[in-house]
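Student: Can you keep this structure in mind? I'll have questions shortly.
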Amino acid sequence: MFELTFEIFGVFLRKTFLFVKPMKNLLSALALITSLVLSGCATSSNKGRPEASLVVSSVRIPIQGEIIATGGSSENEADRVPILKLHLKAEGDHVLVHDIPVRIDADRPNKAVVSTVYLYDGDTVLAASSVDNGKAIFNDVDVIVHRRSPKTLTVKADIRNAVVSLTMLSATVPPQLVATDILEKPIVVYGSAMSDTVYVRNAGPSLELAAPPTITVNRSEHGGRSVAVVNARFYVRMTAKGRDILVGTQSAKDTFGFTIYENGVPKNLNVPASASFVIPTSDVLPANSQGFAFKLLEKREVVIPVDYTFVARVSDGKPLNGNYAVELSGVKFSVTPESLHTVNSMTGNPAWRTPQISLTVSFINSKRLLDGSLFFIFSI
């Protein structure tokens, strides 16, 4: 325990500091004192000060697609991958955060693993911790969170032992943080932080859109009558990472997966549909004698136009009526002729979805059948 006296705007203020957990060094203590003085929180006593608390939440990291871990001697590693942004907000008074626990979850613990996690404040490393049985803790970080200035920290991870089969990782900061007020009195911590799922493999296609998806509607003859036909087009930029990859060993409709959205909701509509894609003419090799599959060489990049077309009527002939969009929700690939893997990290991502198009049913005419019933004719 020690006592300091400050002179602020000609007024002498006295502050007693009692540290339950010693600071790492004198510089940390001086930094805390300076910060508290500059923020105007130095007072002659703690009487009348509101109770401090800490609110923990997460900020989404926009991870694009999968992480292809190709580093290290075995080409199955990735270093310091951002996996979680931690948002800290002080309520009532300023807060000092001492310890931050982290939990790492993996759906395939015998495959890709997180070996080490790091805590960053911007570009500055505050702490590092090894991961043991899915748990890690950042000790003695002594992060100051001012009452009116929330702080965002980033957790980064070293990934090891990735394989071609997909591993899904996630990180959580539970509410068991150790935090105190400025007098080192323990405080209540509310909330927790959870990352989005991180998809990891050590070989496969890196995918992104080369242009925004488009959607059009035209009329065509189908089943002896004129119907509306919807076409969605995607320009997929594909880069092979880790190894050469095979694409198109299945049919086009199976190689590229699609989801139709009706009024903003994914629907399993039983409509006649087909798919096609254009095989690149450079940086690829034929993958089979039929000519509809290709091998994309490692580190090479191509742009593939992909089309999905469906008739705007379900199988019983009922026309679609509403607003519709199409999402490219998966891509199948192989690294050997015997293997087959799927990239579906874009599922539910609006960036991989076309704009909506309106399909409206219009009444045209009616005819009375021989049995006396009416037959209604609609157009879409």
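Chain labels run A, B, ... following the order of the structure tokens; each chain numbers its residues from 1, and ligands are numbered from 1 in the order shown.
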Skip Ile182 of chain A itself and residues of its chain fewer than 3 positions away, then list as a VMD selection string all residues within 8 Å of it, counting only C-alpha atoms.
Tutor: chain A and resid 17 94 to 96 185
Student: Mind listing the strand (DSSP E or B) residues of segment 165-271 of chain A, per DSSP on the backbone, as a ChimeraX atom specification?
Tutor: /A:167-173,178-181,186,188-191,193-194,198-201,204-222,225-241,245-247,256-262,265-267
Student: If you count only C-alpha atoms, which residues fall within 6 Å of segment 331-348 of chain A, apart from same-chain ones fewer than 6 positions away, as a list of chain:residue names?
Tutor: A:Gly65, A:Ile245, A:Leu246, A:Val247, A:Thr255, A:Phe256
Student: So that I have them on file, write out the residues from the current selection with N, CA and C atoms, as a PDB file, in the first residue's frame.
Tutor:
```pdb
ATOM      1  N   GLY A  65     -14.075 -16.610 -45.846  1.00  0.00           N
ATOM      2  CA  GLY A  65     -13.804 -17.977 -46.249  1.00  0.00           C
ATOM      3  C   GLY A  65     -13.023 -18.763 -45.213  1.00  0.00           C
ATOM      4  N   ILE A 245      -5.490 -28.790 -56.790  1.00  0.00           N
ATOM      5  CA  ILE A 245      -6.833 -29.232 -56.430  1.00  0.00           C
ATOM      6  C   ILE A 245      -7.610 -29.606 -57.687  1.00  0.00           C
ATOM      7  N   LEU A 246      -8.521 -30.561 -57.533  1.00  0.00           N
ATOM      8  CA  LEU A 246      -9.389 -31.013 -58.625  1.00  0.00           C
ATOM      9  C   LEU A 246     -10.776 -30.424 -58.422  1.00  0.00           C
ATOM     10  N   VAL A 247     -11.346 -29.885 -59.500  1.00  0.00           N
ATOM     11  CA  VAL A 247     -12.672 -29.272 -59.453  1.00  0.00           C
ATOM     12  C   VAL A 247     -13.507 -29.829 -60.591  1.00  0.00           C
ATOM     13  N   THR A 255     -21.057 -29.869 -57.956  1.00  0.00           N
ATOM     14  CA  THR A 255     -19.793 -29.191 -57.645  1.00  0.00           C
ATOM     15  C   THR A 255     -20.050 -27.870 -56.950  1.00  0.00           C
ATOM     16  N   PHE A 256     -21.023 -27.131 -57.444  1.00  0.00           N
ATOM     17  CA  PHE A 256     -21.396 -25.849 -56.837  1.00  0.00           C
ATOM     18  C   PHE A 256     -22.782 -25.993 -56.223  1.00  0.00           C
TER      19      PHE A 256
END
```
Student: Can you write out as JSON lines which residues of segment 195-276 of chain A fall within 8 Å of segment 79-86 of chain A, alongside each residue's closest atom pair and its distance in Å to one decimal, counting only C-alpha atoms and ordering rows by chain and ascending residue number?
Tutor:
```
{"residue": "A:Ser195", "atom": "CA", "partner": "A:Leu84", "partner_atom": "CA", "distance": 5.0}
{"residue": "A:Asp196", "atom": "CA", "partner": "A:Ile83", "partner_atom": "CA", "distance": 7.7}
{"residue": "A:Val198", "atom": "CA", "partner": "A:Ile83", "partner_atom": "CA", "distance": 7.1}
```
Student: Restricting the output to N, CA and C atoms, write the selected residues as a PDB file, in the first residue's frame.
Tutor:
```
ATOM      1  N   SER A 195     -16.328 -16.027 -30.440  1.00  0.00           N
ATOM      2  CA  SER A 195     -15.955 -15.781 -31.835  1.00  0.00           C
ATOM      3  C   SER A 195     -16.935 -16.453 -32.780  1.00  0.00           C
ATOM      4  N   ASP A 196     -16.915 -16.026 -34.039  1.00  0.00           N
ATOM      5  CA  ASP A 196     -17.552 -16.809 -35.090  1.00  0.00           C
ATOM      6  C   ASP A 196     -16.715 -18.075 -35.311  1.00  0.00           C
ATOM      7  N   VAL A 198     -14.253 -20.506 -37.002  1.00  0.00           N
ATOM      8  CA  VAL A 198     -13.102 -20.379 -37.885  1.00  0.00           C
ATOM      9  C   VAL A 198     -12.891 -21.729 -38.573  1.00  0.00           C
TER      10      VAL A 198
END
```
Student: Check the smallest atom-to-atom distance from each of A:Thr180, A:Ser282, A:Asn139, A:Asn202 to Gly72 of chain A using only C-alpha atoms, then report the winner.
Tutor: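 For Gly72 of chain A, the nearest of the candidates is A:Asn202.
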Student: For Gln176 of chain A, which residue among A:Arg103, A:His87, A:Arg60, A:Arg353 is the nearest when counting only C-alpha atoms?
Tutor: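 Among the listed residues, A:Arg103 lies closest to Gln176 of chain A.
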Student: DSSP on the backbone, then: every residue of segment 187-296 of chain A marked helix (DSSP H, G or I), written as a list in words.
Tutor: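 Of segment 187-296 of chain A, the ones in helix (DSSP H, G or I) are Ala252, Lys253, Asp254 and Thr255 of chain A.
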Student: In Å, with one decimal, what is the gap from atom CA of Gly322 of chain A to atom CA of Ser274 of chain A?
Tutor: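 Result for atom CA of Gly322 of chain A versus atom CA of Ser274 of chain A: 21.0 Å, one decimal.
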Student: Of the candidates A:Val303, A:Ile187, A:Leu269, A:Ala293, which one gets nearest to Lys318 of chain A if we count only C-alpha atoms?
Tutor: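 When distances to Lys318 of chain A are compared using only C-alpha atoms, the smallest one comes from A:Leu269.
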Student: Could you give me, as JSON, numbers by chain, the residues within 7 Å of Ala228 of chain A, counting only C-alpha atoms and dropping anything in the same chain fewer than 3 positions from it?
Tutor: {"A": [217, 218, 219, 220, 311, 312, 380]}
